[in-house]
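Undergrad: Can you read through this structure? Questions will come right after.
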Amino acid sequence: MKRIVSLNINGRTVEEAIPDNLLLVDFLRERQALTGAKKGCDGGECGACTVLVDGHPRLSCLTLTASCAGTEIETIEGQARNGRLSTLQRAFHENLGTQCGFCTPGMIMAAEGLLRDNPDPDEDDIKSALGGNLCRCTGYVKIIESIMVAAAEARR
Ligand code: FES
Ligand code: FES
């Protein structure tokens, strides 16, 4: 069965007829050409598909698009503005928080959700917020450092 949903993606209103069982990660990647959210495990275990729904991190592989009707979705593609990387994107780049980059969009969106709730997180806060995001490359130390740097910069 199909239904028409309207939602806002990175500031743009989208209205589309979708099947009830269409996952948000597939809607974003296959219908909106927003491939930043990755399908790492497709089962809620890696965090690579994390996006923000109304400002809160959500695993898009476990979220039905139809349940997001009327919400605001933010993906990694919407983070850079006017050709400038976001504070978190720049911090990941400058502090070696990213290597192969597969986990990075999910890491940054989870961190973005954290910093909106808590602009001054300590290391444990960051570890807790990123507890569901896996990285096979960095060993996490540089990711945590990057988020600390971004948080400090945002507070200045
Ligand atoms: Fe969603 Fe891994 S693809 S948690
Ligand atoms: Fe490669 Fe995290 S940078 S998986």
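Order determines the names: the first chain of the structure tokens is A, the second B, and so forth; residues in each chain are numbered 1 upward, and ligands are numbered 1 upward as they are shown.
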Please identify the residues whose atoms come within 10 Å of ligand 1, using only C-alpha atoms and all ligand atoms, and report them as a ChimeraX atom specification.
TA: /A:25,37-51,58-63,103,106,132-134
Undergrad: Take the residues from that selection and put them in a file with C-alpha atoms, as a compact mmCIF listing (two decimals), in the first residue's frame.
TA:
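The file below, result.txt, is the result:
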# COMPACT_ATOMS: atom_id res chain seq x y z
CA VAL A 25 17.68 4.97 4.57
CA ALA A 37 23.77 7.88 5.21
CA LYS A 38 25.34 4.47 4.71
CA LYS A 39 23.87 0.99 4.94
CA GLY A 40 26.56 -0.67 6.96
CA CYS A 41 24.67 -3.51 8.63
CA ASP A 42 21.05 -2.80 7.69
CA GLY A 43 20.07 -4.02 11.12
CA GLY A 44 20.61 -1.34 13.75
CA GLU A 45 24.09 -2.39 14.79
CA CYS A 46 26.60 0.00 13.20
CA GLY A 47 25.19 3.55 13.25
CA ALA A 48 26.43 4.33 9.74
CA CYS A 49 22.88 5.27 8.68
CA THR A 50 22.35 7.85 11.46
CA VAL A 51 20.45 11.00 10.52
CA ARG A 58 17.86 8.19 14.48
CA LEU A 59 18.96 4.99 12.77
CA SER A 60 17.44 5.39 9.33
CA CYS A 61 17.70 1.63 8.66
CA LEU A 62 15.21 1.02 11.47
CA THR A 63 12.90 3.92 10.64
CA CYS A 103 31.33 5.62 9.36
CA GLY A 106 26.81 8.62 10.98
CA GLY A 132 25.97 2.69 18.68
CA ASN A 133 28.38 3.93 16.01
CA LEU A 134 31.11 1.55 14.90
Undergrad: Residues within 10 Å of Asn21 (chain A), please, as an mmCIF file with N, CA and C atoms, in the first residue's frame. Count only C-alpha atoms; anything in the same chain fewer than 4 positions from it doesn't count.
TA:
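Result saved to out32.cif:
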data_model
loop_
_atom_site.group_PDB
_atom_site.id
_atom_site.type_symbol
_atom_site.label_atom_id
_atom_site.label_comp_id
_atom_site.auth_asym_id
_atom_site.auth_seq_id
_atom_site.Cartn_x
_atom_site.Cartn_y
_atom_site.Cartn_z
ATOM 1 N N MET A 1 0.841 -1.197 0.000
ATOM 2 C CA MET A 1 0.000 0.000 0.000
ATOM 3 C C MET A 1 0.880 1.253 0.000
ATOM 4 N N LYS A 2 0.430 2.271 -0.730
ATOM 5 C CA LYS A 2 1.198 3.520 -0.798
ATOM 6 C C LYS A 2 0.459 4.643 -0.094
ATOM 7 N N THR A 63 13.964 2.913 10.603
ATOM 8 C CA THR A 63 12.902 3.917 10.642
ATOM 9 C C THR A 63 12.078 3.855 9.358
ATOM 10 N N LEU A 64 10.782 3.745 9.510
ATOM 11 C CA LEU A 64 9.921 3.791 8.328
ATOM 12 C C LEU A 64 9.749 5.244 7.887
ATOM 13 N N THR A 65 9.881 5.471 6.597
ATOM 14 C CA THR A 65 9.735 6.833 6.075
ATOM 15 C C THR A 65 8.359 7.394 6.422
ATOM 16 N N ALA A 66 7.348 6.534 6.337
ATOM 17 C CA ALA A 66 5.980 7.005 6.605
ATOM 18 C C ALA A 66 5.847 7.558 8.022
ATOM 19 N N SER A 67 6.656 7.032 8.946
ATOM 20 C CA SER A 67 6.568 7.509 10.337
ATOM 21 C C SER A 67 7.205 8.887 10.491
#
Undergrad: Which residues form the shell of 8 Å around ligand 2 when you count only C-alpha atoms and all ligand atoms, given as a short mmCIF file (atom, residue, chain, number, x, y, z; two decimals) with all heavy atoms, in the first residue's frame?
TA:
data_model
loop_
_atom_site.label_atom_id
_atom_site.label_comp_id
_atom_site.auth_asym_id
_atom_site.auth_seq_id
_atom_site.Cartn_x
_atom_site.Cartn_y
_atom_site.Cartn_z
N GLY A 97 39.83 12.56 12.40
CA GLY A 97 38.69 11.79 12.90
C GLY A 97 38.09 10.89 11.84
O GLY A 97 37.18 10.12 12.12
N THR A 98 38.57 11.01 10.63
CA THR A 98 38.05 10.18 9.55
C THR A 98 39.21 9.55 8.80
O THR A 98 40.24 10.20 8.57
CB THR A 98 37.15 11.01 8.61
OG1 THR A 98 36.57 10.15 7.64
CG2 THR A 98 37.89 12.13 7.93
N GLN A 99 39.02 8.27 8.46
CA GLN A 99 40.04 7.60 7.63
C GLN A 99 39.37 7.13 6.34
O GLN A 99 39.31 7.86 5.37
CB GLN A 99 40.72 6.49 8.41
CG GLN A 99 41.65 7.07 9.48
CD GLN A 99 42.45 6.01 10.22
OE1 GLN A 99 42.59 4.89 9.78
NE2 GLN A 99 42.96 6.38 11.37
N CYS A 100 38.78 5.93 6.32
CA CYS A 100 38.11 5.52 5.08
C CYS A 100 36.84 6.33 4.86
O CYS A 100 36.38 6.49 3.73
CB CYS A 100 37.78 4.03 5.10
SG CYS A 100 36.26 3.59 5.99
N GLY A 101 36.24 6.84 5.94
CA GLY A 101 35.09 7.72 5.83
C GLY A 101 33.74 7.03 5.84
O GLY A 101 32.72 7.71 5.84
N PHE A 102 33.73 5.71 5.86
CA PHE A 102 32.42 5.03 5.77
C PHE A 102 31.54 5.34 6.98
O PHE A 102 30.33 5.57 6.83
CB PHE A 102 32.62 3.51 5.65
CG PHE A 102 31.37 2.80 5.29
CD1 PHE A 102 30.98 2.66 3.96
CD2 PHE A 102 30.54 2.27 6.26
CE1 PHE A 102 29.79 2.02 3.61
CE2 PHE A 102 29.35 1.62 5.93
CZ PHE A 102 28.99 1.50 4.61
N CYS A 103 32.13 5.38 8.15
CA CYS A 103 31.33 5.62 9.36
C CYS A 103 31.09 7.11 9.61
O CYS A 103 30.29 7.47 10.46
CB CYS A 103 32.04 5.04 10.58
SG CYS A 103 33.52 5.98 11.07
N THR A 104 31.84 7.97 8.91
CA THR A 104 31.90 9.39 9.28
C THR A 104 30.56 10.12 9.23
O THR A 104 30.24 10.87 10.16
CB THR A 104 32.96 10.12 8.41
OG1 THR A 104 34.18 9.38 8.47
CG2 THR A 104 33.19 11.53 8.92
N LEU A 134 29.87 2.33 15.01
CA LEU A 134 31.11 1.55 14.90
C LEU A 134 32.05 2.16 13.87
O LEU A 134 31.62 2.69 12.85
CB LEU A 134 30.79 0.12 14.47
CG LEU A 134 29.85 -0.67 15.39
CD1 LEU A 134 29.68 -2.08 14.86
CD2 LEU A 134 30.36 -0.67 16.82
N CYS A 135 33.35 2.06 14.18
CA CYS A 135 34.39 2.48 13.23
C CYS A 135 35.43 1.37 13.15
O CYS A 135 35.90 0.89 14.18
CB CYS A 135 35.05 3.78 13.68
SG CYS A 135 36.40 4.29 12.59
N ARG A 136 35.78 0.99 11.93
CA ARG A 136 36.76 -0.08 11.75
C ARG A 136 38.17 0.46 11.56
O ARG A 136 39.12 -0.30 11.46
CB ARG A 136 36.40 -0.91 10.50
CG ARG A 136 35.11 -1.66 10.63
CD ARG A 136 35.18 -2.69 11.73
NE ARG A 136 33.95 -3.45 11.83
CZ ARG A 136 33.56 -4.07 12.92
NH1 ARG A 136 34.26 -3.98 14.03
NH2 ARG A 136 32.44 -4.76 12.93
N CYS A 137 38.32 1.79 11.52
CA CYS A 137 39.63 2.35 11.13
C CYS A 137 40.35 3.10 12.25
O CYS A 137 41.54 2.92 12.44
CB CYS A 137 39.48 3.32 9.97
SG CYS A 137 38.65 2.65 8.53
N THR A 138 39.66 3.98 12.92
CA THR A 138 40.35 5.02 13.68
C THR A 138 40.72 4.62 15.11
O THR A 138 41.55 5.27 15.73
CB THR A 138 39.49 6.28 13.80
OG1 THR A 138 38.32 5.96 14.57
CG2 THR A 138 39.07 6.81 12.44
#
Undergrad: Tell me which protein, DNA and RNA residues are within 7 Å of Glu15 (chain A), counting only C-alpha atoms, leaving out same-chain ones fewer than 3 positions away, and put them as a list in words.
TA: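 Here the qualifying residues turn out to be Ile4, Val5, Ser6 and Leu7 of chain A.
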Undergrad: Using backbone DSSP assignments, extract all strand (DSSP E) residues from region 4-44 of chain A; output them as a PyMOL selection string.
TA: chain A and resi 4-9+12-19
Undergrad: Write out the residues from the selection above, keeping C-alpha atoms, as a PDB file, in the first residue's frame.
TA:
ATOM      1  CA  ILE A   4       1.670  10.381   0.208  1.00  0.00           C
ATOM      2  CA  VAL A   5       4.060  11.800   2.776  1.00  0.00           C
ATOM      3  CA  SER A   6       5.426  15.284   3.136  1.00  0.00           C
ATOM      4  CA  LEU A   7       8.642  15.891   5.035  1.00  0.00           C
ATOM      5  CA  ASN A   8      11.442  18.367   5.099  1.00  0.00           C
ATOM      6  CA  ILE A   9      14.913  17.191   4.143  1.00  0.00           C
ATOM      7  CA  ARG A  12      13.684  21.347   1.364  1.00  0.00           C
ATOM      8  CA  THR A  13      10.070  20.162   1.439  1.00  0.00           C
ATOM      9  CA  VAL A  14       9.554  16.817  -0.256  1.00  0.00           C
ATOM     10  CA  GLU A  15       6.186  15.248  -1.016  1.00  0.00           C
ATOM     11  CA  GLU A  16       6.091  11.771  -2.456  1.00  0.00           C
ATOM     12  CA  ALA A  17       3.968   8.649  -2.737  1.00  0.00           C
ATOM     13  CA  ILE A  18       5.779   5.863  -0.925  1.00  0.00           C
ATOM     14  CA  PRO A  19       5.086   2.297   0.125  1.00  0.00           C
TER      15      PRO A  19
END
Undergrad: Within 12 Å of Asn118 (chain A), counting only C-alpha atoms, which residues show up once you throw out same-chain ones fewer than 5 positions away? Write them as a list of chain:residue names, please.
TA: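 The residues that qualify are A:Ala111, A:Glu112, A:Gly113, A:Asp125, A:Ile126, A:Ala129, A:Ile147, A:Met148, A:Ala151, A:Ala152, A:Ala154, A:Arg155.
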Undergrad: Using the chain letters and numbers from this document, which residues of chain A does DSSP assign to helix (DSSP H, G or I), as JSON, numbers by chain?
TA: {"A": [24, 25, 26, 27, 28, 29, 30, 31, 60, 61, 62, 65, 66, 67, 68, 76, 77, 78, 87, 88, 89, 90, 91, 92, 93, 94, 104, 105, 106, 107, 108, 109, 110, 111, 112, 113, 114, 115, 116, 117, 123, 124, 125, 126, 127, 128, 129, 141, 142, 143, 144, 145, 146, 147, 148, 149, 150, 151, 152, 153, 154, 155]}
Undergrad: What is the distance, in Å and to one decimal place, between CA of Glu123 (chain A) and CA of Met107 (chain A)?
TA: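 Computed distance, CA of Glu123 (chain A) to CA of Met107 (chain A), equals 14.7 Å.
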Undergrad: Closest to Met109 (chain A) among A:His93, A:His56, A:Arg3, A:Arg29, using only C-alpha atoms?
TA: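 Using only C-alpha atoms, the shortest distance to Met109 (chain A) belongs to A:His56.
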Undergrad: What's the separation between CA of Asp120 (chain A) and CA of Tyr140 (chain A), in Å to one decimal place?
TA: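 CA of Tyr140 (chain A) lies at a distance of 18.9 Å from CA of Asp120 (chain A).
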